[in-house]
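Engineer: This is the content of structure.txt (compact mmCIF, C-alpha atoms):
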```txt
# COMPACT_ATOMS: atom_id res chain seq x y z
CA MET K 92 37.92 -186.80 -203.72
CA THR K 93 40.38 -185.84 -206.48
CA THR K 94 43.43 -183.64 -206.10
CA ASN K 95 42.42 -180.78 -208.45
CA ARG K 96 41.01 -178.45 -205.82
CA MET K 97 43.87 -179.00 -203.37
CA GLU K 98 46.47 -178.45 -206.08
CA ALA K 99 44.80 -175.27 -207.37
CA PHE K 100 44.48 -173.85 -203.86
CA SER K 101 48.12 -174.66 -203.07
CA ASP K 102 49.32 -173.11 -206.33
CA GLY K 103 47.43 -169.93 -205.48
CA VAL K 104 48.80 -169.75 -201.94
CA ILE K 105 52.38 -170.29 -203.10
CA ALA K 106 51.92 -167.59 -205.77
CA ILE K 107 50.69 -165.19 -203.08
CA ILE K 108 53.65 -166.08 -200.84
CA ILE K 109 56.07 -165.27 -203.66
CA THR K 110 54.20 -162.03 -204.36
CA ILE K 111 54.46 -161.00 -200.71
CA MET K 112 58.19 -161.68 -200.79
CA VAL K 113 58.80 -159.55 -203.87
CA LEU K 114 56.69 -156.71 -202.45
CA GLU K 115 59.06 -156.64 -199.46
CA LEU K 116 61.93 -155.66 -201.76
CA ARG K 117 62.41 -151.90 -201.51
CA PRO K 118 64.46 -150.03 -204.10
CA PRO K 119 67.25 -147.78 -202.86
CA HIS K 120 66.92 -144.02 -202.91
CA ASP K 121 70.39 -143.83 -204.46
CA THR K 122 70.29 -143.94 -208.27
CA SER K 123 73.80 -145.34 -208.69
CA LEU K 124 74.69 -149.01 -208.87
CA ALA K 125 76.57 -148.55 -205.59
CA GLY K 126 73.19 -147.90 -203.97
CA LEU K 127 72.31 -151.55 -204.57
CA ARG K 128 75.22 -152.85 -202.48
CA PRO K 129 73.40 -152.58 -199.10
CA LEU K 130 70.51 -154.56 -200.61
CA LEU K 131 72.64 -157.60 -201.50
CA PRO K 132 71.74 -159.52 -198.30
CA VAL K 133 68.05 -158.80 -198.88
CA MET K 134 68.31 -159.91 -202.51
CA GLY K 135 70.33 -163.00 -201.56
CA SER K 136 67.76 -164.13 -199.02
CA TYR K 137 64.97 -163.44 -201.54
CA VAL K 138 66.65 -165.55 -204.22
CA MET K 139 67.22 -168.44 -201.81
CA SER K 140 63.62 -168.33 -200.58
CA PHE K 141 62.27 -168.08 -204.12
CA ILE K 142 64.25 -171.20 -205.02
CA TYR K 143 62.94 -173.02 -201.94
CA LEU K 144 59.34 -172.10 -202.75
CA GLY K 145 59.93 -173.23 -206.33
CA ILE K 146 61.25 -176.56 -205.08
CA TYR K 147 58.19 -177.07 -202.88
CA TRP K 148 55.83 -176.04 -205.68
CA ASN K 149 57.52 -178.42 -208.13
CA ASN K 150 57.60 -181.38 -205.72
CA HIS K 151 54.01 -180.72 -204.61
CA HIS K 152 52.92 -180.81 -208.24
CA HIS K 153 54.72 -184.10 -208.88
CA LEU K 154 53.36 -185.57 -205.66
CA LEU K 155 49.77 -184.75 -206.58
CA HIS K 156 50.25 -185.84 -210.18
CA VAL K 157 50.43 -189.50 -209.11
CA THR K 158 47.97 -189.17 -206.23
CA GLN K 159 44.57 -190.58 -207.11
CA HIS K 160 42.59 -189.82 -203.95
CA ILE K 161 42.77 -187.41 -201.04
CA ASP K 162 40.80 -187.26 -197.84
CA GLY K 163 40.28 -184.77 -195.03
CA ARG K 164 43.53 -185.82 -193.39
CA ALA K 165 45.44 -184.90 -196.57
CA LEU K 166 43.65 -181.56 -196.80
CA TRP K 167 44.69 -180.66 -193.25
CA ALA K 168 48.24 -181.89 -193.86
CA ASN K 169 48.40 -179.69 -196.96
CA LEU K 170 47.22 -176.67 -194.96
CA HIS K 171 49.89 -177.46 -192.38
CA LEU K 172 52.53 -177.32 -195.14
CA LEU K 173 51.12 -174.07 -196.49
CA PHE K 174 51.20 -172.55 -193.00
CA TRP K 175 54.95 -173.09 -192.71
CA LEU K 176 55.57 -171.92 -196.27
CA SER K 177 53.56 -168.77 -195.52
CA LEU K 178 56.16 -167.86 -192.88
CA VAL K 179 58.95 -167.85 -195.47
CA PRO K 180 58.44 -164.15 -196.39
CA PHE K 181 58.76 -163.11 -192.73
CA VAL K 182 61.95 -165.03 -192.00
CA THR K 183 63.36 -164.08 -195.41
CA ALA K 184 62.88 -160.38 -194.70
CA TRP K 185 64.21 -160.67 -191.14
CA MET K 186 67.29 -162.56 -192.27
CA GLY K 187 68.06 -160.26 -195.22
CA GLU K 188 67.48 -157.00 -193.39
CA ASN K 189 69.71 -158.11 -190.53
CA HIS K 190 72.55 -159.26 -192.81
CA PHE K 191 72.28 -162.95 -191.94
CA SER K 192 72.60 -162.55 -188.17
CA GLN K 193 72.51 -165.56 -185.87
CA TRP K 194 68.87 -165.62 -184.72
CA PRO K 195 67.30 -164.75 -188.08
CA VAL K 196 69.35 -167.48 -189.80
CA ALA K 197 68.41 -169.98 -187.08
CA LEU K 198 64.70 -169.12 -187.34
CA TYR K 199 64.91 -169.37 -191.13
CA GLY K 200 66.21 -172.90 -190.61
CA VAL K 201 63.40 -173.69 -188.17
CA VAL K 202 60.83 -172.66 -190.78
CA LEU K 203 62.59 -174.79 -193.43
CA PHE K 204 62.73 -177.70 -190.98
CA MET K 205 59.04 -177.41 -190.10
CA ALA K 206 58.08 -177.14 -193.79
CA ALA K 207 60.03 -180.36 -194.44
CA ILE K 208 58.24 -182.06 -191.53
CA ALA K 209 54.89 -180.80 -192.85
CA TYR K 210 55.70 -182.08 -196.35
CA THR K 211 56.57 -185.47 -194.86
CA ILE K 212 53.26 -185.53 -192.97
CA LEU K 213 51.48 -184.67 -196.22
CA VAL K 214 53.20 -187.56 -197.98
CA PHE K 215 52.26 -189.98 -195.19
CA SER K 216 48.65 -188.79 -195.24
CA LEU K 217 48.47 -189.28 -199.01
CA LEU K 218 50.00 -192.74 -198.69
CA ALA K 219 47.37 -193.63 -196.07
CA ALA K 220 44.49 -192.76 -198.43
CA PRO K 221 43.19 -195.74 -200.40
CA GLY K 222 44.02 -195.84 -204.09
CA ASN K 223 47.46 -194.21 -203.92
CA GLU K 224 49.53 -197.33 -204.50
CA LEU K 225 51.31 -195.76 -207.48
CA LEU K 226 52.49 -192.93 -205.23
CA ALA K 227 53.78 -195.43 -202.66
CA SER K 228 55.76 -197.36 -205.26
CA ALA K 229 57.15 -194.15 -206.80
CA LEU K 230 58.38 -192.67 -203.52
CA GLY K 231 60.02 -195.71 -202.03
CA TRP K 232 62.18 -194.95 -198.99
CA ASP K 233 62.58 -191.20 -199.77
CA PHE K 234 66.19 -190.81 -198.67
CA LYS K 235 66.43 -187.15 -199.75
CA GLY K 236 63.37 -186.22 -197.70
CA LYS K 237 64.68 -187.90 -194.56
CA ILE K 238 68.24 -186.64 -194.84
CA SER K 239 67.01 -183.08 -195.50
CA ILE K 240 65.30 -183.01 -192.11
CA VAL K 241 68.51 -184.11 -190.39
CA ILE K 242 70.58 -181.57 -192.32
CA TYR K 243 68.16 -178.76 -191.37
CA ILE K 244 68.68 -179.60 -187.68
CA ALA K 245 72.44 -179.44 -188.22
CA GLY K 246 72.05 -176.08 -189.99
CA ILE K 247 70.00 -174.65 -187.14
CA VAL K 248 72.58 -175.74 -184.57
CA LEU K 249 75.50 -174.58 -186.72
CA SER K 250 73.92 -171.16 -187.22
CA PHE K 251 74.75 -170.50 -183.56
CA VAL K 252 78.39 -171.34 -184.28
CA SER K 253 78.40 -169.17 -187.42
CA PRO K 254 75.34 -167.90 -189.28
CA TRP K 255 77.27 -168.31 -192.53
CA ILE K 256 77.80 -172.02 -191.87
CA GLY K 257 74.09 -172.45 -191.12
CA LEU K 258 73.24 -170.59 -194.30
CA ALA K 259 75.65 -172.75 -196.30
CA VAL K 260 73.89 -175.85 -194.95
CA TYR K 261 70.50 -174.51 -196.10
CA VAL K 262 71.94 -173.72 -199.53
CA ALA K 263 73.34 -177.28 -199.71
CA VAL K 264 69.87 -178.74 -199.09
CA ALA K 265 68.39 -176.51 -201.81
CA VAL K 266 71.11 -177.60 -204.25
CA MET K 267 70.39 -181.22 -203.36
CA TRP K 268 66.71 -180.69 -204.28
CA LEU K 269 67.50 -178.73 -207.45
CA ILE K 270 68.80 -181.96 -208.91
CA PRO K 271 65.53 -183.33 -210.28
CA ASP K 272 63.99 -186.28 -208.49
CA ARG K 273 62.92 -188.62 -211.27
CA ARG K 274 61.22 -191.29 -209.12
CA ILE K 275 57.68 -190.16 -209.93
CA GLU K 276 58.42 -189.39 -213.58
CA ARG K 277 59.91 -192.87 -214.04
CA LYS K 278 56.79 -194.50 -212.61
CA ILE K 279 54.33 -192.67 -214.83
CA SER K 280 56.28 -193.01 -218.09
```
Could you quickly redo this structure as structure tokens?
Structural biologist:
Amino acid sequence: MTTNRMEAFSDGVIAIIITIMVLELRPPHDTSLAGLRPLLPVMGSYVMSFIYLGIYWNNHHHLLHVTQHIDGRALWANLHLLFWLSLVPFVTAWMGENHFSQWPVALYGVVLFMAAIAYTILVFSLLAAPGNELLASALGWDFKGKISIVIYIAGIVLSFVSPWIGLAVYVAVAVMWLIPDRRIERKIS
């Protein structure tokens, strides 16, 4: 089976997730710029989550670009990833509306951690399907993927010390992934 259907479905789900997030943004009743100040935490959490969803969408696209075959195991692994990504609007809203309090920041990290685990499972399921040797050679050891999981655990734990430290850790992982990963592009060019 080819990847077209799985990629199209995933693109649609991620687009819906982003739409749900933006629909959660409520304008203030105050018409002055000062009325926007209380919304800064909500906007900050939205921007961070939008970036994270963009990172997953981009990496998912690259991953499937060099994948030749998928099987039922990969389809279920992809649904597992989409499940965790679908929780991003909930934890984003909870974190923003509660001004980055301890438990919302920790749960945000748990969702990011589980999405990273799910993405790793997806990668392993794609590597197990026959005909995906190009993907295997492009990914190699995947240091960024492995270290991200460890850093998310640290961020979750540190969010109980200070939610701002936990949040800074999550931002650091996003920044790490904003730097383009050229492994796949190098293999196909």
Engineer: Nearest to Ala206 in chain K: which of K:Leu230, K:Ile146, K:Leu225, K:Ala220 is it, counting only C-alpha atoms?
Structural biologist: K:Ile146
Engineer: For a quick check of understanding, using all atoms listed in the file, which of K:Thr122, K:Ser239, K:Thr183, K:Asn169 has the smallest distance to Val104 in chain K?
Structural biologist: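 Comparing K:Thr122, K:Ser239, K:Thr183, K:Asn169 against Val104 in chain K, the winner is K:Asn169.
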Engineer: Pick the closest to Trp175 in chain K from K:Ala229, K:Leu114, K:Ile105, K:Leu131: which is it, counting only C-alpha atoms?
Structural biologist: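 The closest residue to Trp175 in chain K is K:Ile105.
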Engineer: At a cut-off of 9 Å, using all atoms listed in the file, what residues contact Thr158 in chain K? Leave out same-chain residues fewer than 2 positions from it and give the result as a PDB file with C-alpha atoms, in the frame of the given file.
Structural biologist:
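Full text of part31.pdb as output:
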```
ATOM      1  CA  THR K  93      40.380-185.840-206.480  1.00  0.00           C
ATOM      2  CA  THR K  94      43.430-183.640-206.100  1.00  0.00           C
ATOM      3  CA  HIS K 153      54.720-184.100-208.880  1.00  0.00           C
ATOM      4  CA  LEU K 154      53.360-185.570-205.660  1.00  0.00           C
ATOM      5  CA  LEU K 155      49.770-184.750-206.580  1.00  0.00           C
ATOM      6  CA  HIS K 156      50.250-185.840-210.180  1.00  0.00           C
ATOM      7  CA  HIS K 160      42.590-189.820-203.950  1.00  0.00           C
ATOM      8  CA  ILE K 161      42.770-187.410-201.040  1.00  0.00           C
ATOM      9  CA  LEU K 217      48.470-189.280-199.010  1.00  0.00           C
ATOM     10  CA  LEU K 218      50.000-192.740-198.690  1.00  0.00           C
ATOM     11  CA  GLY K 222      44.020-195.840-204.090  1.00  0.00           C
ATOM     12  CA  ASN K 223      47.460-194.210-203.920  1.00  0.00           C
ATOM     13  CA  GLU K 224      49.530-197.330-204.500  1.00  0.00           C
ATOM     14  CA  LEU K 225      51.310-195.760-207.480  1.00  0.00           C
ATOM     15  CA  LEU K 226      52.490-192.930-205.230  1.00  0.00           C
TER      16      LEU K 226
END
```
Engineer: Counting all atoms listed in the file, what is within 12 Å of Tyr261 in chain K, bar same-chain residues fewer than 2 positions away, as an MDAnalysis selection string?
Structural biologist: chainID K and resid 136 139:140 142:143 196:204 239:250 254:259 263:268
Engineer: Let me make sure I understand: among K:His151, K:Arg164, K:His171, K:Arg96, which one has the smallest atom-to-atom distance to Phe215 in chain K if we use all atoms listed in the file?
Structural biologist: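 Ranking K:His151, K:Arg164, K:His171, K:Arg96 by distance to Phe215 in chain K, first place goes to K:Arg164.
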Engineer: Work out how far CA of Lys235 in chain K is from CA of Ala209 in chain K, in Å to one decimal.
Structural biologist: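 So the answer is 14.9 Å.
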Engineer: Expressed in Å to a single decimal, how great is the separation between CA of Met112 in chain K and CA of Pro180 in chain K?
Structural biologist: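 Atom-to-atom, CA of Met112 in chain K to CA of Pro180 in chain K, that is 5.1 Å.
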Engineer: Looking at K:Leu130, K:Leu213, K:Ile107, K:Met186, which one is nearest to Trp167 in chain K, with distances taken over only C-alpha atoms?
Structural biologist: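 The answer is K:Leu213, which sits nearest to Trp167 in chain K.
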Engineer: Tell me, in Å to one decimal, how far CA of Gly145 in chain K is from CA of Ser177 in chain K.
Structural biologist: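 Separation of CA of Gly145 in chain K and CA of Ser177 in chain K: 13.3 Å.
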Engineer: Taking only C-alpha atoms into account, which of K:Met97, K:Val157, K:Leu172, K:Val252 comes nearest Glu276 in chain K?
Structural biologist: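 Looking at the shortest contact to Glu276 in chain K, the residue is K:Val157.
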Engineer: Excluding Gly236 in chain K and its own-chain neighbours fewer than 2 positions away, which residues fall within 9 Å of it when counting all atoms listed in the file? Please give them as a PyMOL selection string.
Structural biologist: chain K and resi 207+210-211+232-234+238-240
